[in-house]
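Colleague: Here you go, this is entry07.txt (compact mmCIF, C-alpha atoms and all ligand atoms).
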# COMPACT_ATOMS: atom_id res chain seq x y z
CA MET D 259 0.00 0.00 0.00
CA THR D 260 1.41 3.32 -1.00
CA THR D 261 0.32 6.42 0.80
CA GLU D 262 3.30 8.42 -0.24
CA LYS D 263 2.51 12.06 -0.60
CA ARG D 264 3.38 13.57 -3.93
CA VAL D 265 4.68 17.05 -3.73
CA CYS D 266 6.29 19.36 -6.22
CA VAL D 267 10.03 19.47 -5.63
CA SER D 268 10.15 23.19 -6.36
CA CYS D 269 7.19 24.69 -4.50
CA ASN D 270 6.21 21.79 -2.24
CA ASP D 271 2.65 21.86 -3.47
CA ASP D 272 0.61 18.72 -3.17
CA ILE D 273 0.36 17.35 -6.69
CA THR D 274 -1.28 14.06 -5.84
CA SER D 275 -4.39 14.98 -7.80
CA SER D 276 -2.73 17.22 -10.34
CA THR D 277 -2.92 16.08 -13.93
CA LYS D 278 -0.35 18.54 -15.20
CA SER D 279 2.41 17.41 -12.94
CA VAL D 280 5.40 15.58 -14.30
CA GLU D 281 7.56 12.85 -12.88
CA PHE D 282 11.07 12.05 -13.94
CA LYS D 283 14.27 10.72 -12.48
CA CYS D 284 17.18 12.77 -11.35
CA PRO D 285 19.92 12.28 -13.94
CA ASN D 286 22.47 12.19 -11.18
CA CYS D 287 21.06 9.81 -8.58
CA GLY D 288 17.89 8.38 -10.07
CA GLU D 289 15.64 9.80 -7.38
CA VAL D 290 12.12 10.51 -8.61
CA ILE D 291 11.53 14.21 -9.10
CA ARG D 292 8.03 15.57 -9.24
CA ARG D 293 6.98 18.95 -10.42
CA CYS D 294 3.64 20.66 -10.66
CA GLY D 295 2.39 22.05 -13.95
CA ARG D 296 2.92 25.58 -12.77
CA CYS D 297 6.59 25.19 -11.92
CA ARG D 298 7.11 23.32 -15.14
CA LYS D 299 5.51 26.08 -17.13
CA THR D 300 7.47 28.83 -15.43
CA MET D 301 10.63 26.71 -15.55
CA VAL D 302 11.38 27.05 -11.89
CA LYS D 303 14.58 25.29 -11.11
CA TRP D 304 14.58 22.26 -8.91
CA VAL D 305 17.13 20.82 -6.56
CA CYS D 306 17.35 17.14 -5.83
CA LYS D 307 18.31 15.97 -2.38
CA CYS D 308 21.58 14.78 -3.88
CA GLY D 309 22.34 18.39 -4.71
CA PHE D 310 21.70 18.20 -8.43
CA GLU D 311 20.02 21.26 -9.87
CA GLY D 312 17.96 21.12 -13.00
CA PRO D 313 15.93 23.36 -15.23
ZN ZN Q 401 5.53 23.50 -8.11
ZN ZN Q 402 19.49 13.43 -7.36
Will you turn the file into structure tokens for me?
Ligand SMILES: [Zn+2]
Ligand SMILES: [Zn+2]
Modeller:
Amino acid sequence: MTTEKRVCVSCNDDITSSTKSVEFKCPNCGEVIRRCGRCRKTMVKWVCKCGFEGP
């Protein structure tokens, strides 16, 4: 059972029910990165917990 909360990595918004959110893996460590549609659209940069920053 997965009750993991899905939040945007940039703004910390809950994106569990968002349809515009995206999910991809950090190119550096493979950690799953989630972003809401808004941050994606405005190209807010994200920082993985491994320290990797991405556009
Ligand atoms: Zn966001
Ligand atoms: Zn990473």
Colleague: Mind giving me the straight-line distance from atom CA of Cys284 of chain D to atom CA of Glu311 of chain D in Å, one decimal?
Modeller: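 Answer for the atom CA of Cys284 of chain D to atom CA of Glu311 of chain D separation: 9.1 Å.
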Colleague: Enumerate residues in contact with ligand ZN 402 (chain Q): an atom-to-atom distance of at most 7 Å, counting all atoms listed in the file. Format the result as a count of residues only.
Modeller: 11
Colleague: Nearest residue to ligand ZN 401 (chain Q) out of D:Ser275, D:Glu281, D:Gly295, D:Arg264, using all atoms listed in the file?
Modeller: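 Among D:Ser275, D:Glu281, D:Gly295, D:Arg264, it is D:Gly295 that comes nearest to ligand ZN 401 (chain Q).
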Colleague: List every residue of chain D that has an atom at most 6 Å from any atom of ligand ZN 401 (chain Q), giving for each one its closest atom pair and the distance in Å to one decimal, counting all atoms listed in the file, sorted by chain and then by ascending residue number, as a tab-separated table.
Modeller:
residue	atom	partner	partner_atom	distance
D:Cys266	CA	Q:ZN401	ZN	4.6
D:Ser268	CA	Q:ZN401	ZN	5.0
D:Cys269	CA	Q:ZN401	ZN	4.1
D:Asp271	CA	Q:ZN401	ZN	5.7
D:Arg293	CA	Q:ZN401	ZN	5.3
D:Cys294	CA	Q:ZN401	ZN	4.3
D:Arg296	CA	Q:ZN401	ZN	5.7
D:Cys297	CA	Q:ZN401	ZN	4.3
Colleague: Which distance in Å separates atom CA of Arg292 of chain D and atom CA of Gly312 of chain D, to one decimal?
Modeller: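 According to the coordinates, atom CA of Arg292 of chain D and atom CA of Gly312 of chain D are separated by 12.0 Å.
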Colleague: Please report the interatomic distance between atom CA of Pro313 of chain D and atom CA of Lys263 of chain D in Å with one decimal.
Modeller: 22.8 Å
Colleague: Edge lengths and centre, in Å to one decimal, as JSON: that's what I need for the box along x, y and z that holds all listed atoms of segment 286-297 of chain D plus 6 Å on each side.
Modeller:
{"center_x": 12.4, "center_y": 17.0, "center_z": -10.7, "size_x": 32.1, "size_y": 29.2, "size_z": 18.6}
Colleague: Step by step: locate chain D in the block above, keep C-alpha atoms, then write the file as a PDB file, in the first residue's frame.
Modeller:
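For reference, decode-v1.pdb as written:
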ATOM      1  CA  MET D 259       0.000   0.000   0.000  1.00  0.00           C
ATOM      2  CA  THR D 260       1.408   3.324  -1.004  1.00  0.00           C
ATOM      3  CA  THR D 261       0.323   6.418   0.804  1.00  0.00           C
ATOM      4  CA  GLU D 262       3.303   8.425  -0.245  1.00  0.00           C
ATOM      5  CA  LYS D 263       2.512  12.056  -0.598  1.00  0.00           C
ATOM      6  CA  ARG D 264       3.381  13.569  -3.933  1.00  0.00           C
ATOM      7  CA  VAL D 265       4.684  17.054  -3.730  1.00  0.00           C
ATOM      8  CA  CYS D 266       6.288  19.363  -6.217  1.00  0.00           C
ATOM      9  CA  VAL D 267      10.034  19.465  -5.630  1.00  0.00           C
ATOM     10  CA  SER D 268      10.152  23.194  -6.361  1.00  0.00           C
ATOM     11  CA  CYS D 269       7.194  24.688  -4.505  1.00  0.00           C
ATOM     12  CA  ASN D 270       6.210  21.793  -2.243  1.00  0.00           C
ATOM     13  CA  ASP D 271       2.654  21.864  -3.474  1.00  0.00           C
ATOM     14  CA  ASP D 272       0.606  18.723  -3.169  1.00  0.00           C
ATOM     15  CA  ILE D 273       0.359  17.350  -6.691  1.00  0.00           C
ATOM     16  CA  THR D 274      -1.280  14.058  -5.843  1.00  0.00           C
ATOM     17  CA  SER D 275      -4.392  14.983  -7.795  1.00  0.00           C
ATOM     18  CA  SER D 276      -2.732  17.217 -10.338  1.00  0.00           C
ATOM     19  CA  THR D 277      -2.920  16.083 -13.928  1.00  0.00           C
ATOM     20  CA  LYS D 278      -0.355  18.539 -15.205  1.00  0.00           C
ATOM     21  CA  SER D 279       2.413  17.411 -12.945  1.00  0.00           C
ATOM     22  CA  VAL D 280       5.405  15.576 -14.296  1.00  0.00           C
ATOM     23  CA  GLU D 281       7.562  12.853 -12.879  1.00  0.00           C
ATOM     24  CA  PHE D 282      11.066  12.053 -13.936  1.00  0.00           C
ATOM     25  CA  LYS D 283      14.265  10.722 -12.484  1.00  0.00           C
ATOM     26  CA  CYS D 284      17.181  12.770 -11.348  1.00  0.00           C
ATOM     27  CA  PRO D 285      19.923  12.281 -13.943  1.00  0.00           C
ATOM     28  CA  ASN D 286      22.473  12.188 -11.181  1.00  0.00           C
ATOM     29  CA  CYS D 287      21.062   9.806  -8.576  1.00  0.00           C
ATOM     30  CA  GLY D 288      17.885   8.385 -10.067  1.00  0.00           C
ATOM     31  CA  GLU D 289      15.636   9.801  -7.377  1.00  0.00           C
ATOM     32  CA  VAL D 290      12.124  10.509  -8.608  1.00  0.00           C
ATOM     33  CA  ILE D 291      11.533  14.205  -9.104  1.00  0.00           C
ATOM     34  CA  ARG D 292       8.026  15.567  -9.240  1.00  0.00           C
ATOM     35  CA  ARG D 293       6.984  18.951 -10.423  1.00  0.00           C
ATOM     36  CA  CYS D 294       3.641  20.657 -10.659  1.00  0.00           C
ATOM     37  CA  GLY D 295       2.387  22.051 -13.945  1.00  0.00           C
ATOM     38  CA  ARG D 296       2.916  25.585 -12.766  1.00  0.00           C
ATOM     39  CA  CYS D 297       6.594  25.192 -11.924  1.00  0.00           C
ATOM     40  CA  ARG D 298       7.107  23.321 -15.137  1.00  0.00           C
ATOM     41  CA  LYS D 299       5.508  26.080 -17.131  1.00  0.00           C
ATOM     42  CA  THR D 300       7.466  28.831 -15.435  1.00  0.00           C
ATOM     43  CA  MET D 301      10.635  26.706 -15.551  1.00  0.00           C
ATOM     44  CA  VAL D 302      11.376  27.047 -11.893  1.00  0.00           C
ATOM     45  CA  LYS D 303      14.582  25.292 -11.108  1.00  0.00           C
ATOM     46  CA  TRP D 304      14.577  22.264  -8.908  1.00  0.00           C
ATOM     47  CA  VAL D 305      17.126  20.822  -6.556  1.00  0.00           C
ATOM     48  CA  CYS D 306      17.348  17.137  -5.825  1.00  0.00           C
ATOM     49  CA  LYS D 307      18.308  15.972  -2.376  1.00  0.00           C
ATOM     50  CA  CYS D 308      21.579  14.778  -3.884  1.00  0.00           C
ATOM     51  CA  GLY D 309      22.344  18.386  -4.711  1.00  0.00           C
ATOM     52  CA  PHE D 310      21.705  18.204  -8.434  1.00  0.00           C
ATOM     53  CA  GLU D 311      20.019  21.261  -9.870  1.00  0.00           C
ATOM     54  CA  GLY D 312      17.957  21.119 -12.997  1.00  0.00           C
ATOM     55  CA  PRO D 313      15.930  23.360 -15.230  1.00  0.00           C
TER      56      PRO D 313
END
